[in-house]
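Undergrad: Sharing start-v2.txt (compact mmCIF, C-alpha atoms) below.
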# COMPACT_ATOMS: atom_id res chain seq x y z
CA LEU O 1341 49.99 79.41 207.94
CA GLN O 1342 52.36 81.74 206.14
CA TYR O 1343 53.76 85.10 207.25
CA MET O 1344 55.78 88.03 205.97
CA SER O 1345 58.55 89.41 208.18
CA GLY O 1346 59.55 92.89 209.25
CA PHE O 1347 58.30 95.47 211.74
CA GLY O 1348 56.40 98.37 210.16
CA ASN O 1349 57.34 97.34 206.61
CA GLU O 1350 55.38 98.25 203.50
CA HIS O 1351 53.89 94.82 202.79
CA VAL O 1352 52.04 93.60 199.70
CA SER O 1353 49.85 90.50 199.77
CA GLU O 1354 47.13 88.87 197.70
CA ASP O 1355 45.32 85.56 198.10
CA PRO O 1356 46.87 83.14 195.54
CA ARG O 1357 43.36 82.13 194.44
CA CYS O 1358 43.06 85.56 192.80
CA PRO O 1359 46.40 86.48 191.17
CA GLY O 1360 46.64 90.10 190.15
CA ALA O 1361 44.00 91.25 192.64
CA LEU O 1362 46.20 94.19 193.67
CA PRO O 1363 45.78 97.17 191.34
CA GLU O 1364 49.00 98.14 189.59
CA GLY O 1365 50.40 101.63 189.92
CA GLN O 1366 47.57 103.17 191.94
CA ASN O 1367 45.49 102.65 195.06
CA ASN O 1368 41.99 103.48 193.90
CA PRO O 1369 41.27 102.66 190.24
CA GLN O 1370 37.88 103.34 188.70
CA VAL O 1371 37.29 99.59 188.52
CA CYS O 1372 39.34 97.23 190.71
CA PRO O 1373 40.44 93.78 189.50
CA TYR O 1374 37.87 91.00 190.03
CA GLY O 1375 35.20 93.64 190.73
CA LEU O 1376 36.55 94.30 194.22
CA TYR O 1377 36.00 97.41 196.35
CA ALA O 1378 38.99 99.54 197.45
CA GLU O 1379 38.96 100.62 201.12
CA GLN O 1380 41.66 102.48 203.06
CA LEU O 1381 42.27 101.79 206.75
CA SER O 1382 44.09 104.75 208.35
CA GLY O 1383 46.06 104.27 211.56
CA SER O 1384 47.32 107.85 211.70
CA ALA O 1385 46.30 111.31 210.61
CA PHE O 1386 46.71 111.87 206.86
CA THR O 1387 49.26 114.61 207.54
CA CYS O 1388 51.56 112.73 209.93
CA PRO O 1389 55.24 112.79 208.97
CA ARG O 1390 56.18 109.90 206.71
CA PRO O 1391 58.02 107.89 209.43
CA THR O 1392 54.85 107.79 211.55
CA ASN O 1393 52.23 107.68 208.80
CA LYS O 1394 50.29 104.39 208.93
CA ARG O 1395 47.72 103.16 206.45
CA SER O 1396 46.79 100.11 204.42
CA TRP O 1397 44.62 99.63 201.35
CA LEU O 1398 42.23 96.66 201.38
CA TYR O 1399 40.60 95.18 198.27
CA ARG O 1400 37.45 93.39 199.36
CA ILE O 1401 34.33 91.70 198.04
CA LEU O 1402 32.06 94.14 199.91
CA PRO O 1403 33.12 97.30 201.79
CA SER O 1404 32.87 97.20 205.57
CA VAL O 1405 30.22 99.92 205.52
CA CYS O 1406 27.55 97.34 204.65
CA HIS O 1407 25.97 96.62 208.03
CA LYS O 1408 22.89 97.47 210.07
CA PRO O 1409 23.09 100.25 212.72
CA PHE O 1410 25.10 99.59 215.86
CA LYS O 1411 23.22 98.98 219.08
CA PRO O 1412 24.57 98.84 222.66
CA LEU O 1413 25.89 95.46 223.79
CA GLU O 1414 26.32 94.34 227.39
CA GLU O 1415 30.01 94.79 228.15
CA GLY O 1416 30.18 92.64 231.27
CA HIS O 1417 33.39 93.40 233.17
CA LEU O 1418 34.93 95.59 230.46
CA THR O 1419 35.20 99.19 231.68
CA HIS O 1420 37.15 102.42 231.67
CA ASP O 1421 35.43 103.81 234.77
CA TRP O 1422 38.43 104.38 237.01
CA ASP O 1423 36.34 105.99 239.78
CA GLU O 1424 34.01 103.09 240.58
CA ILE O 1425 36.03 102.25 243.71
CA GLU O 1426 38.47 104.11 245.98
CA PRO O 1427 42.16 104.11 244.95
CA ASP O 1428 44.43 101.55 246.59
CA PRO O 1429 48.16 102.39 246.87
CA ASN O 1430 49.10 99.00 248.37
CA GLN O 1431 51.23 96.36 246.73
CA LEU O 1432 48.70 94.12 244.99
CA ARG O 1433 49.04 90.54 243.83
CA TRP O 1434 46.47 88.27 242.19
CA LYS O 1435 46.27 84.50 242.21
CA PRO O 1436 45.78 82.89 238.78
CA PHE O 1437 42.56 84.15 237.26
CA GLU O 1438 39.91 81.46 237.01
CA ILE O 1439 38.81 80.14 233.62
CA PRO O 1440 35.11 79.25 233.39
CA LYS O 1441 34.28 75.62 232.74
CA ALA O 1442 32.46 74.64 229.55
CA PRO O 1443 29.78 73.68 228.68
CA GLN O 1444 28.17 75.02 231.87
CA ASN O 1445 29.45 78.55 231.20
CA LYS O 1446 30.49 79.12 227.60
CA MET O 1447 32.60 82.23 227.23
CA ASP O 1448 34.45 83.49 224.16
CA PHE O 1449 37.20 86.08 223.86
CA VAL O 1450 34.84 89.09 223.93
CA SER O 1451 32.60 87.93 226.76
CA GLY O 1452 35.76 86.86 228.64
CA LEU O 1453 37.33 90.33 228.74
CA HIS O 1454 37.81 91.65 232.29
CA THR O 1455 39.38 95.04 232.96
CA LEU O 1456 41.85 94.94 235.83
CA CYS O 1457 43.27 98.48 235.93
CA GLY O 1458 43.96 101.54 233.83
CA ALA O 1459 44.08 105.32 233.51
CA GLY O 1460 43.06 108.03 231.08
CA GLU O 1461 40.13 107.74 228.74
CA PRO O 1462 39.66 106.90 225.08
CA ARG O 1463 37.78 110.06 224.05
CA GLY O 1464 40.79 112.17 224.92
CA ARG O 1465 43.07 109.66 223.11
CA ASN O 1466 45.44 109.30 226.04
CA GLY O 1467 45.47 106.33 228.36
CA ILE O 1468 45.92 102.62 228.86
CA ALA O 1469 44.03 99.65 230.27
CA VAL O 1470 45.12 96.22 231.44
CA HIS O 1471 42.63 93.44 230.74
CA ILE O 1472 42.54 89.76 231.59
CA PHE O 1473 40.86 87.40 229.12
CA VAL O 1474 39.53 83.98 230.08
CA CYS O 1475 37.57 81.88 227.60
CA ASN O 1476 36.64 78.33 226.68
CA THR O 1477 34.89 78.65 223.32
CA SER O 1478 35.63 80.22 219.94
CA MET O 1479 34.04 83.31 218.47
CA ILE O 1480 31.47 82.04 215.96
CA ASP O 1481 30.05 84.40 213.35
CA ARG O 1482 31.15 87.45 215.27
CA CYS O 1483 34.21 89.67 215.25
CA LEU O 1484 35.59 92.56 217.31
CA TYR O 1485 37.33 95.77 216.41
CA ASN O 1486 38.68 98.34 218.84
CA SER O 1487 37.88 101.95 217.94
CA ASP O 1488 39.68 103.15 221.08
CA GLY O 1489 43.21 101.87 220.60
CA ASP O 1490 45.61 98.97 220.11
CA PHE O 1491 45.49 95.57 221.82
CA LEU O 1492 48.77 93.89 222.75
CA ILE O 1493 47.70 90.31 223.51
CA VAL O 1494 49.79 87.97 225.68
CA PRO O 1495 48.39 84.41 225.76
CA GLN O 1496 49.34 82.50 228.92
CA GLN O 1497 47.38 79.25 228.59
CA GLY O 1498 46.07 77.87 225.32
CA LYS O 1499 46.85 78.93 221.77
CA LEU O 1500 44.84 81.48 219.79
CA LEU O 1501 44.02 81.19 216.11
CA ILE O 1502 43.30 84.80 215.21
CA THR O 1503 41.56 85.60 211.95
CA THR O 1504 41.94 89.20 210.79
CA GLU O 1505 41.04 91.17 207.69
CA PHE O 1506 44.70 90.80 206.69
CA GLY O 1507 44.89 87.00 207.17
CA LYS O 1508 45.36 84.46 209.95
CA MET O 1509 47.88 84.18 212.80
CA LEU O 1510 48.45 81.35 215.26
CA VAL O 1511 49.62 82.84 218.57
CA GLU O 1512 50.80 80.47 221.32
CA PRO O 1513 52.02 81.09 224.88
CA ASN O 1514 55.46 82.74 224.77
CA GLU O 1515 54.33 84.67 221.71
CA ILE O 1516 52.52 88.01 221.59
CA CYS O 1517 50.45 89.73 218.94
CA VAL O 1518 49.28 93.28 218.35
CA ILE O 1519 45.90 94.05 216.80
CA GLN O 1520 45.98 97.73 215.96
CA GLN O 1521 43.13 100.21 216.21
CA GLY O 1522 40.18 99.50 213.92
CA MET O 1523 41.23 96.04 212.70
CA ARG O 1524 38.50 93.41 212.78
CA PHE O 1525 39.44 90.05 214.25
CA SER O 1526 38.00 86.83 215.67
CA VAL O 1527 39.64 84.42 218.12
CA GLU O 1528 39.38 80.64 217.89
CA VAL O 1529 40.47 78.66 220.97
CA PHE O 1530 41.09 74.96 221.61
CA GLY O 1531 40.08 74.56 225.24
CA GLU O 1532 40.45 76.56 228.42
CA THR O 1533 42.37 79.72 227.52
CA ARG O 1534 43.75 82.66 229.50
CA GLY O 1535 45.97 85.67 228.96
CA TYR O 1536 46.68 89.35 229.40
CA ILE O 1537 46.01 92.43 227.24
CA LEU O 1538 47.68 95.83 227.29
CA GLU O 1539 45.47 98.40 225.57
CA VAL O 1540 46.82 101.82 224.64
CA TYR O 1541 44.76 104.80 223.46
CA GLY O 1542 46.39 107.54 221.43
CA ALA O 1543 49.67 105.90 220.40
CA HIS O 1544 50.88 102.87 218.49
CA PHE O 1545 53.55 100.45 219.64
CA GLU O 1546 56.99 100.81 218.15
CA LEU O 1547 60.45 99.39 218.68
CA PRO O 1548 62.44 101.26 221.35
CA ASP O 1549 65.39 103.38 220.33
CA LEU O 1550 68.70 101.58 220.87
CA GLY O 1551 71.01 104.54 221.58
CA PRO O 1552 74.49 103.37 222.68
CA ILE O 1553 73.49 99.72 222.17
CA GLY O 1554 73.93 100.39 218.47
CA ALA O 1555 72.23 98.97 215.41
CA ASN O 1556 71.41 95.49 216.73
CA GLY O 1557 69.83 93.97 219.82
CA LEU O 1558 66.64 93.59 221.83
CA ALA O 1559 63.72 92.72 219.50
CA ASN O 1560 64.98 92.59 215.92
CA PRO O 1561 62.60 93.99 213.27
CA ARG O 1562 62.85 90.94 211.02
CA ASP O 1563 61.41 88.66 213.73
CA PHE O 1564 57.98 90.33 213.67
CA LEU O 1565 55.55 88.41 211.45
CA VAL O 1566 52.57 89.70 209.48
CA PRO O 1567 49.82 87.43 208.07
CA VAL O 1568 49.30 86.94 204.35
CA ALA O 1569 46.03 87.71 202.59
CA TRP O 1570 43.23 85.17 202.97
CA TYR O 1571 39.58 85.63 202.17
CA GLU O 1572 36.27 83.85 202.49
CA ASP O 1573 33.29 84.70 200.30
CA ARG O 1574 30.72 83.48 202.80
CA GLN O 1575 27.13 84.53 203.27
CA VAL O 1576 25.70 84.36 206.80
CA PRO O 1577 21.89 84.44 206.45
CA GLY O 1578 21.42 84.12 210.22
CA GLY O 1579 23.46 87.27 210.75
CA TYR O 1580 27.11 88.01 211.38
CA THR O 1581 27.77 90.21 214.44
CA VAL O 1582 30.37 92.97 214.23
CA ILE O 1583 31.30 94.26 217.70
CA SER O 1584 32.87 97.68 218.16
CA LYS O 1585 34.63 98.79 221.31
CA TYR O 1586 33.88 102.51 221.19
CA GLN O 1587 34.54 105.03 223.98
CA GLY O 1588 34.98 102.14 226.38
CA LYS O 1589 31.58 100.59 225.58
CA LEU O 1590 30.60 97.69 223.34
CA PHE O 1591 28.22 98.01 220.39
CA ALA O 1592 27.00 95.34 217.96
CA ALA O 1593 25.88 95.56 214.34
CA GLN O 1594 24.49 92.82 212.11
CA GLN O 1595 25.47 91.99 208.55
CA ASP O 1596 24.78 88.99 206.32
CA TYR O 1597 28.35 88.21 205.15
CA SER O 1598 31.78 87.45 206.60
CA PRO O 1599 34.00 90.51 207.17
CA TYR O 1600 37.05 88.45 206.17
CA ASN O 1601 36.47 89.12 202.49
CA VAL O 1602 39.74 90.94 201.77
CA VAL O 1603 41.28 89.36 198.66
CA ALA O 1604 44.40 91.54 198.60
CA TRP O 1605 45.99 94.36 200.56
CA HIS O 1606 49.07 96.54 200.77
CA GLY O 1607 50.41 98.98 203.36
CA ASN O 1608 52.27 99.37 206.63
CA TYR O 1609 49.31 99.26 209.04
CA THR O 1610 48.85 95.60 209.91
CA PRO O 1611 48.42 93.14 212.75
CA TYR O 1612 51.62 91.32 213.72
CA LYS O 1613 53.05 88.72 216.08
CA TYR O 1614 56.41 88.07 217.76
CA HIS O 1615 57.99 85.11 219.56
CA LEU O 1616 59.58 86.17 222.86
CA GLU O 1617 62.40 83.62 222.51
CA LYS O 1618 63.72 85.75 219.62
CA PHE O 1619 64.59 88.59 222.02
CA MET O 1620 68.32 89.37 222.12
CA VAL O 1621 69.04 89.93 225.81
CA ILE O 1622 71.43 92.68 226.93
CA ASN O 1623 72.82 92.43 230.46
CA ALA O 1624 75.50 93.66 232.89
CA VAL O 1625 78.73 91.61 232.60
CA ALA O 1626 80.88 93.22 235.30
CA PHE O 1627 78.92 94.47 238.30
CA ASP O 1628 75.60 96.05 239.35
CA HIS O 1629 72.34 96.11 237.40
CA ALA O 1630 71.38 97.71 234.16
CA ASP O 1631 67.91 99.23 234.45
CA PRO O 1632 65.02 96.95 233.37
CA SER O 1633 64.48 99.19 230.35
CA ILE O 1634 67.07 96.98 228.59
CA PHE O 1635 64.34 94.32 228.41
CA THR O 1636 61.85 96.50 226.50
CA VAL O 1637 60.27 94.72 223.53
CA LEU O 1638 57.80 97.41 222.42
CA THR O 1639 57.00 100.93 223.55
CA ALA O 1640 54.13 103.37 223.05
CA LYS O 1641 55.61 106.84 223.42
CA THR O 1642 54.24 110.06 224.85
CA THR O 1643 55.14 113.53 223.61
CA ARG O 1644 57.71 113.75 226.44
CA ALA O 1645 61.07 112.41 225.32
CA GLY O 1646 61.95 109.15 227.02
CA VAL O 1647 58.63 108.84 228.88
CA ALA O 1648 56.39 105.99 227.74
CA LEU O 1649 52.64 105.83 227.77
CA ALA O 1650 53.31 102.11 228.06
CA ASP O 1651 56.26 99.75 227.70
CA PHE O 1652 56.07 96.00 227.19
CA VAL O 1653 59.06 94.47 229.01
CA ILE O 1654 60.07 90.81 229.42
CA PHE O 1655 62.44 88.98 231.78
CA PRO O 1656 63.66 86.05 229.68
CA PRO O 1657 66.18 83.27 230.41
CA ARG O 1658 69.72 84.68 230.52
CA TRP O 1659 73.11 84.43 232.21
CA GLY O 1660 73.88 86.25 235.46
CA VAL O 1661 77.59 87.00 235.88
CA ALA O 1662 77.83 90.29 237.83
CA ASN O 1663 80.53 90.32 240.53
CA ASN O 1664 79.97 91.65 244.06
CA THR O 1665 76.34 92.29 243.15
CA PHE O 1666 72.95 91.47 244.64
CA ARG O 1667 71.62 89.87 241.47
CA PRO O 1668 67.82 89.67 241.85
CA PRO O 1669 65.74 92.81 241.23
CA TYR O 1670 66.58 95.46 243.78
CA TYR O 1671 64.20 97.26 246.16
CA HIS O 1672 62.59 100.07 244.31
CA ARG O 1673 60.14 102.98 244.34
CA ASN O 1674 59.19 104.08 240.86
CA CYS O 1675 57.57 107.15 239.31
CA MET O 1676 56.03 104.69 236.83
CA SER O 1677 53.31 102.06 237.42
CA GLU O 1678 54.33 98.41 237.05
CA PHE O 1679 51.93 95.56 236.28
CA MET O 1680 53.61 92.16 236.09
CA GLY O 1681 52.36 88.86 234.75
CA LEU O 1682 53.87 85.40 234.47
CA ILE O 1683 53.47 83.23 231.38
CA LYS O 1684 55.37 80.23 232.74
CA GLY O 1685 57.94 79.16 235.33
CA HIS O 1686 59.01 80.82 238.60
CA TYR O 1687 59.89 84.50 238.82
CA GLU O 1688 63.27 84.91 240.55
CA ALA O 1689 62.25 87.59 243.07
CA LYS O 1690 59.10 85.82 244.35
CA GLU O 1691 59.16 82.10 243.60
CA GLU O 1692 56.23 81.09 245.80
CA GLY O 1693 53.25 83.45 245.58
CA PHE O 1694 53.63 84.81 242.04
CA GLN O 1695 52.09 82.18 239.76
CA PRO O 1696 51.51 81.76 236.01
CA GLY O 1697 48.17 83.27 235.07
CA GLY O 1698 48.22 85.67 238.03
CA GLY O 1699 49.63 89.17 238.29
CA SER O 1700 50.88 91.97 240.49
CA LEU O 1701 50.60 95.75 240.49
CA HIS O 1702 53.11 98.06 242.15
CA SER O 1703 51.63 101.49 241.75
CA MET O 1704 53.38 104.80 241.38
CA MET O 1705 55.91 105.27 244.24
CA THR O 1706 54.73 102.12 246.05
CA PRO O 1707 57.84 100.29 247.33
CA HIS O 1708 58.49 96.74 246.14
CA GLY O 1709 61.27 94.24 245.67
CA PRO O 1710 62.38 90.68 246.49
CA ASP O 1711 60.70 88.81 249.31
CA ALA O 1712 62.58 87.97 252.50
CA ASP O 1713 63.56 84.46 251.41
CA CYS O 1714 64.96 85.70 248.09
CA PHE O 1715 66.94 88.45 249.85
CA GLU O 1716 68.56 86.08 252.33
CA LYS O 1717 69.50 83.53 249.68
CA ALA O 1718 70.91 86.07 247.24
CA SER O 1719 72.88 87.89 249.96
CA LYS O 1720 74.70 84.67 250.87
CA ALA O 1721 74.97 83.02 247.47
CA LYS O 1722 78.33 82.09 245.99
CA LEU O 1723 78.72 84.37 242.98
CA GLU O 1724 79.56 82.45 239.85
CA PRO O 1725 78.08 82.43 236.36
CA GLU O 1726 74.53 81.09 236.60
CA ARG O 1727 71.51 80.68 234.42
CA VAL O 1728 68.67 82.97 235.46
CA ALA O 1729 64.99 82.31 234.70
CA ASP O 1730 65.43 79.09 232.74
CA GLY O 1731 61.97 77.78 231.85
CA THR O 1732 60.45 81.11 232.90
CA MET O 1733 58.92 84.06 231.09
CA ALA O 1734 57.73 86.99 233.18
CA PHE O 1735 56.69 90.30 231.68
CA MET O 1736 55.81 93.83 232.75
CA PHE O 1737 53.40 96.45 231.45
CA GLU O 1738 54.98 99.72 232.66
CA SER O 1739 53.28 103.10 232.31
CA SER O 1740 53.89 106.73 233.19
CA LEU O 1741 50.21 106.92 234.19
CA SER O 1742 48.92 106.29 237.71
CA LEU O 1743 46.70 103.22 237.34
CA ALA O 1744 43.38 102.73 239.10
CA VAL O 1745 42.20 99.21 239.88
CA THR O 1746 38.65 98.23 238.99
CA LYS O 1747 36.04 96.83 241.32
CA TRP O 1748 36.35 93.51 239.50
CA GLY O 1749 40.09 93.50 240.20
CA LEU O 1750 39.81 94.35 243.88
CA GLN O 1751 36.61 92.53 244.79
CA THR O 1752 34.51 90.68 242.23
CA SER O 1753 37.27 88.46 240.81
CA ASN O 1754 37.98 87.12 244.31
CA ARG O 1755 41.58 86.48 243.22
CA LEU O 1756 43.35 89.22 245.19
CA ASP O 1757 46.02 87.81 247.51
CA LYS O 1758 45.33 89.66 250.74
CA ASN O 1759 48.47 88.21 252.36
CA TYR O 1760 50.88 89.59 249.77
CA TYR O 1761 52.38 92.15 252.15
CA LYS O 1762 53.47 89.35 254.48
CA CYS O 1763 56.23 88.24 252.12
CA TRP O 1764 58.29 91.22 253.34
CA GLU O 1765 57.50 90.94 257.06
CA PRO O 1766 60.38 88.51 257.82
CA LEU O 1767 62.93 91.06 256.58
CA LYS O 1768 65.14 92.01 259.52
CA SER O 1769 67.79 94.60 260.23
CA HIS O 1770 71.39 93.55 259.62
CA PHE O 1771 72.72 96.94 260.66
CA ASN O 1772 75.88 96.92 262.81
CA PRO O 1773 77.49 100.37 263.33
CA LYS O 1774 80.75 98.65 264.39
CA CYS O 1775 81.08 96.57 261.24
CA LYS O 1776 81.82 98.33 257.98
Once you've parsed the file, please lay out its structure as structure tokens.

TA:
Amino acid sequence: LQYMSGFGNEHVSEDPRCPGALPEGQNNPQVCPYGLYAEQLSGSAFTCPRPTNKRSWLYRILPSVCHKPFKPLEEGHLTHDWDEIEPDPNQLRWKPFEIPKAPQNKMDFVSGLHTLCGAGEPRGRNGIAVHIFVCNTSMIDRCLYNSDGDFLIVPQQGKLLITTEFGKMLVEPNEICVIQQGMRFSVEVFGETRGYILEVYGAHFELPDLGPIGANGLANPRDFLVPVAWYEDRQVPGGYTVISKYQGKLFAAQQDYSPYNVVAWHGNYTPYKYHLEKFMVINAVAFDHADPSIFTVLTAKTTRAGVALADFVIFPPRWGVANNTFRPPYYHRNCMSEFMGLIKGHYEAKEEGFQPGGGSLHSMMTPHGPDADCFEKASKAKLEPERVADGTMAFMFESSLSLAVTKWGLQTSNRLDKNYYKCWEPLKSHFNPKCK
């Protein structure tokens, strides 16, 4: 597989089997090379300012309009009904989500989508959702596109071979990919597969501003990879299923050809992937903590300056050197909502109960922090330079919205750890008014 590099770049790509497939000097000629159809995919309003204007031109064998009418499709555990169960302000933690066994229960990426929590709604173009995907079989002669928003996909177990209209990407654990609104894609898997998805409605992900950090650091633009053009001219007499996620529901339409018939394309509205090991970590080197915002890989902004609809934050391997400092994450109450997942390893603040493939949610203003064992160890530890989180990759989806948990998350999944609160019960008072 080949890729082009650069975040948000104006890319140009054509399948080498058809040199010169891109029209020269214009987007929409009267007759396109090779008898192709020109089709624009808009990711922003036509009149957006140039820095935020997103669109790509696709040159394809047949336009995507050639399909039968959409009909409702059973969406399973995919939802945006945030009122199906009473709110729960407690600290919540989930054991690793179970992957169905094949061949008894074949499940592909679409049928394996399970909504865990979220807020807002897609019709108003403001909101987010956190989904878990578990699957054991590939999508065959069917694809998905999301009319509601962008998918940020975090594989935790098993690699994903993702075919898009723009080309193919291989995404493995410790990598992420973003499939932006409206882009058709299929997921091929190679066994039992699991991961997390952050969906945002109404905004696209972008790199965070660096401010006093300067020109370099965090996720560097050149490390984001975009697929190159690849097409198949394949007829599917038995019917190819195109699935649309629209207003939180699933709909399916039939067509008799593969949608991956784009011979060439150009533009700045593309799918992309990123390897988390490429992240340039910034950290405190004297004392105290910098806020976890220094670990932000991507952000989806709101209209309020500095307030994110959603941030994607990671906690990668790094050095801890702060003097006279309690080094693990501190106790905290936050005006934001924090969902955490673990790709691999042992998270420093909760080494026992927080497992790869599971998750936790600390809702708006719900207190959280290191468990009792972590607190006691860190309070007595000899402070010297030490490696933190080697062999580990934890991440956080953080949002300014107050997230509601679904019935599947609280009940049906049967993965909620009802003893989570007990990890703080051994905390005891060390207060001594006579000892400063």

Undergrad: Measuring atom to atom with all atoms listed in the file, identify which of O:Pro1669, O:Pro1391, O:Gly1458, O:Gly1507 is nearest to Trp1605 of chain O.

TA: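 Of the candidates, the smallest distance to Trp1605 of chain O is held by O:Gly1507.
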
Undergrad: Which of these residues is nearest to Lys1589 of chain O, using only C-alpha atoms: O:Gly1697, O:Gly1681, O:Gly1416, O:Pro1548?

TA: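 Nearest candidate to Lys1589 of chain O out of O:Gly1697, O:Gly1681, O:Gly1416, O:Pro1548: O:Gly1416.
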
Undergrad: From the list O:Asn1367, O:Ser1700, O:Asn1664, O:Gln1496, which residue is nearest Ile1439 of chain O when using all atoms listed in the file?

TA: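 Looking at the shortest contact to Ile1439 of chain O, the residue is O:Gln1496.
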
Undergrad: I need the residue nearest Gly1749 of chain O from this list: O:Gly1699, O:Ser1487, O:Leu1638, O:Ser1345. Use all atoms listed in the file for the distance.

TA: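 Among the listed residues, O:Gly1699 lies closest to Gly1749 of chain O.
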
Undergrad: Any idea what's packed within 7 Å of segment 1710-1726 of chain O, counting all atoms listed in the file, ignoring anything in its chain fewer than 2 positions away? Could you give it as a VMD selection string?

TA: chain O and resid 1659 to 1661 1663 1666 to 1667 1669 to 1671 1689 to 1690 1728 1763 to 1764 1766 to 1767

Undergrad: Model the absent atoms of segment 1732-1747 of chain O so that N, CA, C and O atoms are present, and write the result as an mmCIF file, keeping the file's coordinate frame.

TA:
data_model
loop_
_atom_site.group_PDB
_atom_site.id
_atom_site.type_symbol
_atom_site.label_atom_id
_atom_site.label_comp_id
_atom_site.auth_asym_id
_atom_site.auth_seq_id
_atom_site.Cartn_x
_atom_site.Cartn_y
_atom_site.Cartn_z
ATOM 1 N N THR O 1732 61.323 80.055 232.370
ATOM 2 C CA THR O 1732 60.450 81.110 232.900
ATOM 3 C C THR O 1732 60.277 82.215 231.856
ATOM 4 O O THR O 1732 61.185 82.489 231.065
ATOM 5 N N MET O 1733 59.110 82.827 231.848
ATOM 6 C CA MET O 1733 58.920 84.060 231.090
ATOM 7 C C MET O 1733 57.958 84.954 231.865
ATOM 8 O O MET O 1733 56.752 84.698 231.926
ATOM 9 N N ALA O 1734 58.518 85.953 232.521
ATOM 10 C CA ALA O 1734 57.730 86.990 233.180
ATOM 11 C C ALA O 1734 57.735 88.229 232.307
ATOM 12 O O ALA O 1734 58.642 88.432 231.493
ATOM 13 N N PHE O 1735 56.741 89.076 232.469
ATOM 14 C CA PHE O 1735 56.690 90.300 231.680
ATOM 15 C C PHE O 1735 56.147 91.427 232.537
ATOM 16 O O PHE O 1735 55.590 91.205 233.624
ATOM 17 N N MET O 1736 56.310 92.647 232.043
ATOM 18 C CA MET O 1736 55.810 93.830 232.750
ATOM 19 C C MET O 1736 55.169 94.780 231.742
ATOM 20 O O MET O 1736 55.707 95.016 230.662
ATOM 21 N N PHE O 1737 53.989 95.297 232.109
ATOM 22 C CA PHE O 1737 53.400 96.450 231.450
ATOM 23 C C PHE O 1737 53.753 97.652 232.340
ATOM 24 O O PHE O 1737 53.274 97.749 233.478
ATOM 25 N N GLU O 1738 54.577 98.555 231.865
ATOM 26 C CA GLU O 1738 54.980 99.720 232.660
ATOM 27 C C GLU O 1738 54.425 100.978 232.011
ATOM 28 O O GLU O 1738 54.458 101.128 230.786
ATOM 29 N N SER O 1739 53.914 101.897 232.842
ATOM 30 C CA SER O 1739 53.280 103.100 232.310
ATOM 31 C C SER O 1739 53.622 104.314 233.146
ATOM 32 O O SER O 1739 53.791 104.214 234.366
ATOM 33 N N SER O 1740 53.688 105.463 232.482
ATOM 34 C CA SER O 1740 53.890 106.730 233.190
ATOM 35 C C SER O 1740 52.615 107.211 233.854
ATOM 36 O O SER O 1740 52.631 108.190 234.605
ATOM 37 N N LEU O 1741 51.483 106.534 233.599
ATOM 38 C CA LEU O 1741 50.210 106.920 234.190
ATOM 39 C C LEU O 1741 50.014 106.231 235.538
ATOM 40 O O LEU O 1741 50.502 105.127 235.768
ATOM 41 N N SER O 1742 49.265 106.872 236.416
ATOM 42 C CA SER O 1742 48.920 106.290 237.710
ATOM 43 C C SER O 1742 47.656 105.457 237.528
ATOM 44 O O SER O 1742 46.588 105.987 237.226
ATOM 45 N N LEU O 1743 47.775 104.142 237.701
ATOM 46 C CA LEU O 1743 46.700 103.220 237.340
ATOM 47 C C LEU O 1743 45.714 103.026 238.489
ATOM 48 O O LEU O 1743 46.113 102.845 239.640
ATOM 49 N N ALA O 1744 44.442 103.037 238.145
ATOM 50 C CA ALA O 1744 43.380 102.730 239.100
ATOM 51 C C ALA O 1744 42.929 101.295 238.872
ATOM 52 O O ALA O 1744 42.828 100.838 237.734
ATOM 53 N N VAL O 1745 42.658 100.588 239.962
ATOM 54 C CA VAL O 1745 42.200 99.210 239.880
ATOM 55 C C VAL O 1745 40.683 99.179 239.893
ATOM 56 O O VAL O 1745 40.036 99.947 240.621
ATOM 57 N N THR O 1746 40.114 98.308 239.086
ATOM 58 C CA THR O 1746 38.650 98.230 238.990
ATOM 59 C C THR O 1746 38.055 97.469 240.172
ATOM 60 O O THR O 1746 38.756 96.772 240.911
ATOM 61 N N LYS O 1747 36.750 97.589 240.297
ATOM 62 C CA LYS O 1747 36.040 96.830 241.320
ATOM 63 C C LYS O 1747 36.182 95.332 241.075
ATOM 64 O O LYS O 1747 36.309 94.538 242.012
#
